[in-house]
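Source file: coords.txt (compact mmCIF, N, CA and C atoms and all ligand atoms)
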```txt
# COMPACT_ATOMS: atom_id res chain seq x y z
N MET A 1 0.42 -24.72 -27.83
CA MET A 1 1.57 -24.31 -26.99
C MET A 1 2.16 -25.54 -26.31
N LYS A 2 3.48 -25.62 -26.30
CA LYS A 2 4.13 -26.75 -25.64
C LYS A 2 3.95 -26.68 -24.12
N PRO A 3 3.79 -27.82 -23.49
CA PRO A 3 3.57 -27.82 -22.02
C PRO A 3 4.70 -27.13 -21.26
N THR A 4 5.97 -27.32 -21.69
CA THR A 4 7.07 -26.69 -20.92
C THR A 4 6.99 -25.17 -21.03
N LEU A 5 6.69 -24.68 -22.23
CA LEU A 5 6.58 -23.22 -22.39
C LEU A 5 5.46 -22.67 -21.51
N PHE A 6 4.36 -23.42 -21.51
CA PHE A 6 3.23 -23.01 -20.68
C PHE A 6 3.63 -22.93 -19.21
N ALA A 7 4.39 -23.93 -18.75
CA ALA A 7 4.81 -23.96 -17.35
C ALA A 7 5.71 -22.76 -17.03
N VAL A 8 6.60 -22.43 -17.96
CA VAL A 8 7.51 -21.29 -17.74
C VAL A 8 6.70 -20.00 -17.64
N LEU A 9 5.75 -19.84 -18.56
CA LEU A 9 4.92 -18.63 -18.53
C LEU A 9 4.13 -18.53 -17.23
N LEU A 10 3.56 -19.67 -16.83
CA LEU A 10 2.74 -19.67 -15.62
C LEU A 10 3.59 -19.33 -14.41
N SER A 11 4.78 -19.92 -14.31
CA SER A 11 5.58 -19.66 -13.11
C SER A 11 6.09 -18.23 -13.09
N SER A 12 6.35 -17.65 -14.27
CA SER A 12 6.79 -16.25 -14.24
C SER A 12 5.65 -15.31 -13.84
N LEU A 13 4.42 -15.67 -14.23
CA LEU A 13 3.27 -14.89 -13.76
C LEU A 13 3.12 -14.97 -12.25
N LEU A 14 3.27 -16.18 -11.73
CA LEU A 14 3.15 -16.35 -10.28
C LEU A 14 4.24 -15.57 -9.57
N PHE A 15 5.44 -15.62 -10.14
CA PHE A 15 6.55 -14.92 -9.51
C PHE A 15 6.30 -13.41 -9.49
N ALA A 16 5.79 -12.87 -10.59
CA ALA A 16 5.51 -11.44 -10.64
C ALA A 16 4.46 -11.06 -9.60
N GLY A 17 3.44 -11.91 -9.46
CA GLY A 17 2.40 -11.66 -8.46
C GLY A 17 2.99 -11.64 -7.07
N GLN A 18 3.90 -12.56 -6.80
CA GLN A 18 4.53 -12.63 -5.49
C GLN A 18 5.37 -11.38 -5.23
N ALA A 19 6.11 -10.95 -6.23
CA ALA A 19 6.95 -9.76 -6.06
C ALA A 19 6.08 -8.55 -5.73
N MET A 20 4.93 -8.43 -6.39
CA MET A 20 4.05 -7.30 -6.10
C MET A 20 3.49 -7.39 -4.69
N ALA A 21 3.15 -8.60 -4.26
CA ALA A 21 2.62 -8.77 -2.90
C ALA A 21 3.68 -8.38 -1.88
N ASP A 22 4.93 -8.78 -2.10
CA ASP A 22 6.02 -8.44 -1.18
C ASP A 22 6.18 -6.94 -1.06
N ASN A 23 6.06 -6.27 -2.19
CA ASN A 23 6.27 -4.83 -2.17
C ASN A 23 5.28 -4.10 -1.27
N LYS A 24 4.10 -4.64 -1.15
CA LYS A 24 3.08 -3.98 -0.33
C LYS A 24 3.49 -3.90 1.14
N THR A 25 4.36 -4.82 1.56
CA THR A 25 4.74 -4.81 2.97
C THR A 25 5.67 -3.65 3.29
N SER A 26 6.44 -3.19 2.32
CA SER A 26 7.25 -2.00 2.58
C SER A 26 6.44 -0.78 2.12
N ASP A 27 7.05 0.37 2.10
CA ASP A 27 6.33 1.60 1.81
C ASP A 27 6.01 1.67 0.33
N ALA A 28 4.74 1.45 -0.06
CA ALA A 28 4.31 1.43 -1.46
C ALA A 28 5.26 0.57 -2.27
N LYS A 29 6.11 1.21 -3.10
CA LYS A 29 7.02 0.38 -3.87
C LYS A 29 8.48 0.63 -3.53
N GLY A 30 8.77 1.50 -2.61
CA GLY A 30 10.17 1.77 -2.26
C GLY A 30 10.56 1.10 -0.97
N ASP A 31 11.83 0.73 -0.87
CA ASP A 31 12.35 0.13 0.35
C ASP A 31 13.22 1.15 1.08
N PRO A 32 12.77 1.62 2.26
CA PRO A 32 13.51 2.68 2.95
C PRO A 32 14.96 2.32 3.28
N LYS A 33 15.23 1.05 3.52
CA LYS A 33 16.62 0.67 3.85
C LYS A 33 17.55 0.91 2.67
N ILE A 34 17.07 0.54 1.48
CA ILE A 34 17.88 0.78 0.28
C ILE A 34 17.99 2.28 0.05
N GLY A 35 16.88 2.99 0.28
CA GLY A 35 16.88 4.44 0.11
C GLY A 35 17.91 5.12 0.99
N LYS A 36 18.01 4.69 2.22
CA LYS A 36 18.96 5.28 3.16
C LYS A 36 20.40 5.13 2.64
N MET A 37 20.70 3.95 2.15
CA MET A 37 22.03 3.69 1.63
C MET A 37 22.32 4.58 0.41
N LEU A 38 21.31 4.69 -0.48
CA LEU A 38 21.50 5.51 -1.69
C LEU A 38 21.72 6.97 -1.33
N VAL A 39 20.94 7.48 -0.37
CA VAL A 39 21.07 8.88 0.01
C VAL A 39 22.48 9.14 0.56
N SER A 40 22.97 8.24 1.41
CA SER A 40 24.29 8.49 1.98
C SER A 40 25.38 8.37 0.92
N GLN A 41 25.14 7.56 -0.10
CA GLN A 41 26.16 7.44 -1.15
C GLN A 41 26.11 8.57 -2.17
N LYS A 42 24.89 9.01 -2.51
CA LYS A 42 24.73 9.84 -3.70
C LYS A 42 24.34 11.28 -3.43
N CYS A 43 23.85 11.60 -2.25
CA CYS A 43 23.14 12.85 -2.08
C CYS A 43 23.81 13.84 -1.15
N SER A 44 24.96 13.51 -0.61
CA SER A 44 25.54 14.39 0.39
C SER A 44 26.56 15.37 -0.20
N ARG A 45 26.68 15.38 -1.51
CA ARG A 45 27.66 16.28 -2.12
C ARG A 45 27.24 17.74 -2.01
N CYS A 46 25.94 18.03 -2.22
CA CYS A 46 25.46 19.42 -2.22
C CYS A 46 24.76 19.81 -0.93
N HIS A 47 24.10 18.89 -0.29
CA HIS A 47 23.41 19.24 0.96
C HIS A 47 23.43 18.02 1.86
N ASP A 48 23.41 18.28 3.16
CA ASP A 48 23.31 17.14 4.07
C ASP A 48 21.84 16.89 4.42
N ASP A 49 21.61 16.01 5.36
CA ASP A 49 20.24 15.60 5.66
C ASP A 49 19.40 16.72 6.28
N SER A 50 20.05 17.80 6.73
CA SER A 50 19.29 18.86 7.38
C SER A 50 18.32 19.56 6.43
N VAL A 51 18.55 19.52 5.11
CA VAL A 51 17.58 20.16 4.20
C VAL A 51 16.21 19.48 4.27
N TYR A 52 16.20 18.21 4.62
CA TYR A 52 14.92 17.49 4.66
C TYR A 52 14.13 17.83 5.91
N SER A 53 14.81 18.23 6.96
CA SER A 53 14.13 18.43 8.24
C SER A 53 14.07 19.90 8.67
N ARG A 54 14.65 20.80 7.85
CA ARG A 54 14.60 22.21 8.27
C ARG A 54 13.14 22.67 8.36
N PRO A 55 12.87 23.59 9.28
CA PRO A 55 11.48 23.97 9.53
C PRO A 55 10.77 24.55 8.30
N ASP A 56 11.51 25.26 7.45
CA ASP A 56 10.86 25.87 6.28
C ASP A 56 11.11 25.04 5.02
N HIS A 57 11.21 23.74 5.18
CA HIS A 57 11.51 22.94 3.99
C HIS A 57 10.48 23.15 2.90
N LYS A 58 10.96 23.03 1.66
CA LYS A 58 10.15 23.46 0.51
C LYS A 58 9.15 22.41 0.04
N ILE A 59 9.40 21.19 0.40
CA ILE A 59 8.61 20.10 -0.14
C ILE A 59 7.35 19.90 0.71
N LYS A 60 6.20 19.98 0.04
CA LYS A 60 4.94 19.98 0.77
C LYS A 60 4.04 18.79 0.48
N SER A 61 4.47 17.91 -0.40
CA SER A 61 3.63 16.75 -0.69
C SER A 61 4.52 15.60 -1.16
N TYR A 62 3.97 14.42 -1.12
CA TYR A 62 4.74 13.25 -1.56
C TYR A 62 5.12 13.38 -3.04
N ASP A 63 4.18 13.87 -3.84
CA ASP A 63 4.49 14.03 -5.27
C ASP A 63 5.63 15.01 -5.48
N ALA A 64 5.61 16.10 -4.70
CA ALA A 64 6.69 17.08 -4.82
C ALA A 64 8.02 16.48 -4.38
N LEU A 65 7.95 15.62 -3.39
CA LEU A 65 9.18 14.95 -2.93
C LEU A 65 9.77 14.08 -4.04
N VAL A 66 8.90 13.31 -4.67
CA VAL A 66 9.37 12.45 -5.76
C VAL A 66 9.95 13.31 -6.89
N ALA A 67 9.27 14.42 -7.21
CA ALA A 67 9.75 15.30 -8.28
C ALA A 67 11.11 15.91 -7.91
N ARG A 68 11.27 16.29 -6.65
CA ARG A 68 12.54 16.89 -6.19
C ARG A 68 13.69 15.89 -6.27
N ILE A 69 13.40 14.66 -5.86
CA ILE A 69 14.42 13.62 -5.92
C ILE A 69 14.85 13.41 -7.37
N ARG A 70 13.85 13.43 -8.26
CA ARG A 70 14.16 13.26 -9.68
C ARG A 70 15.03 14.40 -10.19
N ALA A 71 14.68 15.63 -9.79
CA ALA A 71 15.46 16.79 -10.24
C ALA A 71 16.88 16.74 -9.68
N CYS A 72 17.00 16.39 -8.40
CA CYS A 72 18.34 16.29 -7.81
C CYS A 72 19.13 15.18 -8.47
N ASN A 73 18.47 14.11 -8.80
CA ASN A 73 19.14 13.01 -9.50
C ASN A 73 19.68 13.49 -10.84
N ALA A 74 18.86 14.27 -11.56
CA ALA A 74 19.29 14.78 -12.85
C ALA A 74 20.47 15.76 -12.70
N ASN A 75 20.40 16.61 -11.67
CA ASN A 75 21.49 17.55 -11.39
C ASN A 75 22.82 16.85 -11.19
N THR A 76 22.73 15.76 -10.49
CA THR A 76 23.95 15.12 -10.02
C THR A 76 24.50 14.11 -11.01
N ASN A 77 23.72 13.78 -12.03
CA ASN A 77 24.07 12.64 -12.86
C ASN A 77 24.32 11.41 -12.01
N ALA A 78 23.57 11.31 -10.93
CA ALA A 78 23.76 10.17 -10.02
C ALA A 78 23.39 8.85 -10.69
N GLY A 79 22.62 8.94 -11.78
CA GLY A 79 22.30 7.72 -12.51
C GLY A 79 21.33 6.81 -11.77
N LEU A 80 20.46 7.40 -10.96
CA LEU A 80 19.48 6.58 -10.25
C LEU A 80 18.40 6.10 -11.20
N PHE A 81 17.95 4.88 -10.99
CA PHE A 81 16.83 4.34 -11.73
C PHE A 81 15.52 4.71 -11.01
N PRO A 82 14.40 4.65 -11.72
CA PRO A 82 13.12 4.95 -11.06
C PRO A 82 12.91 4.15 -9.77
N ASP A 83 13.35 2.91 -9.74
CA ASP A 83 13.24 2.12 -8.50
C ASP A 83 14.02 2.76 -7.37
N ASP A 84 15.23 3.25 -7.70
CA ASP A 84 16.06 3.88 -6.68
C ASP A 84 15.37 5.13 -6.14
N GLU A 85 14.76 5.89 -7.04
CA GLU A 85 14.05 7.10 -6.62
C GLU A 85 12.90 6.73 -5.67
N ALA A 86 12.23 5.63 -5.96
CA ALA A 86 11.14 5.18 -5.09
C ALA A 86 11.69 4.78 -3.71
N HIS A 87 12.84 4.13 -3.69
CA HIS A 87 13.45 3.74 -2.41
C HIS A 87 13.80 5.00 -1.60
N ILE A 88 14.38 5.97 -2.29
CA ILE A 88 14.78 7.20 -1.61
C ILE A 88 13.55 7.94 -1.09
N ALA A 89 12.50 8.02 -1.91
CA ALA A 89 11.27 8.68 -1.47
C ALA A 89 10.71 7.98 -0.24
N ALA A 90 10.74 6.66 -0.24
CA ALA A 90 10.23 5.90 0.91
C ALA A 90 11.04 6.23 2.16
N TYR A 91 12.36 6.27 2.00
CA TYR A 91 13.23 6.56 3.15
C TYR A 91 13.03 7.99 3.67
N LEU A 92 13.06 8.96 2.77
CA LEU A 92 12.93 10.35 3.21
C LEU A 92 11.56 10.60 3.82
N ASN A 93 10.53 9.98 3.24
CA ASN A 93 9.19 10.19 3.79
C ASN A 93 9.05 9.54 5.16
N LEU A 94 9.61 8.37 5.32
CA LEU A 94 9.52 7.67 6.60
C LEU A 94 10.26 8.44 7.69
N ASN A 95 11.43 8.97 7.36
CA ASN A 95 12.28 9.57 8.39
C ASN A 95 12.06 11.06 8.59
N TYR A 96 11.64 11.77 7.55
CA TYR A 96 11.61 13.23 7.64
C TYR A 96 10.23 13.83 7.35
N TYR A 97 9.63 13.47 6.24
CA TYR A 97 8.48 14.24 5.77
C TYR A 97 7.14 13.77 6.30
N HIS A 98 6.97 12.46 6.38
CA HIS A 98 5.74 11.86 6.93
C HIS A 98 4.48 12.31 6.17
N PHE A 99 4.56 12.40 4.85
CA PHE A 99 3.36 12.71 4.07
C PHE A 99 2.46 11.49 4.03
N LYS A 100 1.15 11.75 4.02
CA LYS A 100 0.22 10.67 3.70
C LYS A 100 0.08 10.64 2.18
N LYS A 101 0.06 9.43 1.61
CA LYS A 101 -0.04 9.38 0.15
C LYS A 101 -1.47 9.15 -0.27
C1 LIG B 1 24.10 19.12 -7.47
C2 LIG B 1 23.77 19.40 -6.09
C3 LIG B 1 22.74 18.49 -5.41
C4 LIG B 1 22.87 17.16 -5.18
C5 LIG B 1 24.08 16.25 -5.41
C6 LIG B 1 21.61 16.73 -4.58
N1 LIG B 1 20.79 17.81 -4.42
FE1 LIG B 1 18.99 17.82 -3.43
N2 LIG B 1 18.93 19.84 -3.53
C7 LIG B 1 19.83 20.63 -4.20
C8 LIG B 1 19.42 22.02 -4.08
C9 LIG B 1 20.16 23.21 -4.67
C10 LIG B 1 18.25 22.02 -3.30
C11 LIG B 1 17.40 23.22 -2.92
C12 LIG B 1 17.81 23.71 -1.60
C13 LIG B 1 16.91 24.86 -1.22
O1 LIG B 1 15.78 24.95 -1.72
O2 LIG B 1 17.35 25.66 -0.40
C14 LIG B 1 17.96 20.65 -2.97
C15 LIG B 1 16.88 20.24 -2.21
C16 LIG B 1 16.51 18.93 -2.03
C17 LIG B 1 15.28 18.49 -1.39
C18 LIG B 1 14.18 19.39 -0.82
C19 LIG B 1 14.44 19.77 0.63
C20 LIG B 1 13.25 20.52 1.19
O3 LIG B 1 13.28 21.76 1.20
O4 LIG B 1 12.27 19.85 1.60
C21 LIG B 1 15.26 17.13 -1.45
C22 LIG B 1 14.17 16.19 -0.92
C23 LIG B 1 16.48 16.72 -2.09
N3 LIG B 1 17.23 17.82 -2.43
C24 LIG B 1 16.84 15.41 -2.33
C25 LIG B 1 18.05 15.03 -2.89
C26 LIG B 1 18.41 13.65 -3.11
C27 LIG B 1 17.52 12.44 -2.76
C28 LIG B 1 19.66 13.64 -3.66
C29 LIG B 1 20.45 12.41 -4.14
C30 LIG B 1 19.86 11.73 -5.30
C31 LIG B 1 20.09 15.02 -3.78
N4 LIG B 1 19.08 15.82 -3.30
C32 LIG B 1 21.31 15.43 -4.27
C33 LIG B 1 20.96 20.20 -4.87
C34 LIG B 1 21.45 18.91 -4.90
```

Output the file's structure as structure tokens, nothing else.
Amino acid sequence: MKPTLFAVLLSSLLFAGQAMADNKTSDAKGDPKIGKMLVSQKCSRCHDDSVYSRPDHKIKSYDALVARIRACNANTNAGLFPDDEAHIAAYLNLNYYHFKK
């Protein structure tokens, strides 16, 4: 293997490790700040934020929350990527649901 190629491979491995370490500081893998922005842009067409905080809300676990976000994303053709769904889950959990994962 050429030394330059080796250096490129090594630095990309280090970079990936760093990115994973950074992610641990926010909520698992989602960033609530990005999630908040996405929710206000993409999610207010059918329901406002009160569905997340109503006393009889339907979502009872973090996994169900992620599944619901995915279903709503599919309904809306919002075109969210899995990362976006993780950001939204982090935001909604931090502000409304408070599930332990
Ligand atoms: C096409 C309409 C529509 C859009 C747009 C939409 N949703 Fe929903 N969402 C619904 C419906 C319908 C329900 C069920 C309401 C109920 O059960 O009374 C719901 C419920 C939810 C719940 C569960 C609330 C509870 O009871 O705990 C979550 C979480 C949620 N939506 C997230 C999102 C997110 C995040 C987005 C943006 C990606 C979004 N929704 C966009 C239709 C939509």

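Computed from the coordinates, the atom C of Asp84 of chain A to atom CA of Gly35 of chain A distance equals 6.5 Å.
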
Original post:
Can you tell me which residues sit at most 5 Å away from ligand LIG 1 (chain B), counting all atoms listed in the file, written as a list in words?
Top reply: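 Every residue with an atom at most 5 Å from ligand LIG 1 (chain B) is listed here: Lys42, Cys43, Arg45, Cys46, Val51, Tyr52, His57, Lys58, Ile59, Ile69, Cys72, Asn73, Asn75 and Thr76 of chain A.
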
**OP:** Would you mind reading off the distance between atom CA of Asp83 of chain A and atom CA of Arg68 of chain A, one decimal, in Å?
**Re:**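 Distance between the two atoms: 15.0 Å.
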
Original post:
In Å, how far is it from atom C of Ile34 of chain A to atom C of Ala74 of chain A?
Top reply: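 Answer for the atom C of Ile34 of chain A to atom C of Ala74 of chain A separation: 18.7 Å.
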
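Taking only N, CA and C atoms into account, those protein, DNA and RNA residues with any atom at most 6.5 Å away from (6.5, 15.7, 1.0) amount to Ile59, Lys60, Ser61, Tyr62, Asp63, Ala64, Leu65, Tyr97, His98 and Phe99 of chain A.
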
**OP:** Counting only N, CA and C atoms, figure out which residue out of A:Ala71, A:Val66, A:His47, A:Ala89 gets nearest to Pro32 of chain A.
**Re:**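 Using only N, CA and C atoms, the shortest distance to Pro32 of chain A belongs to A:Ala89.
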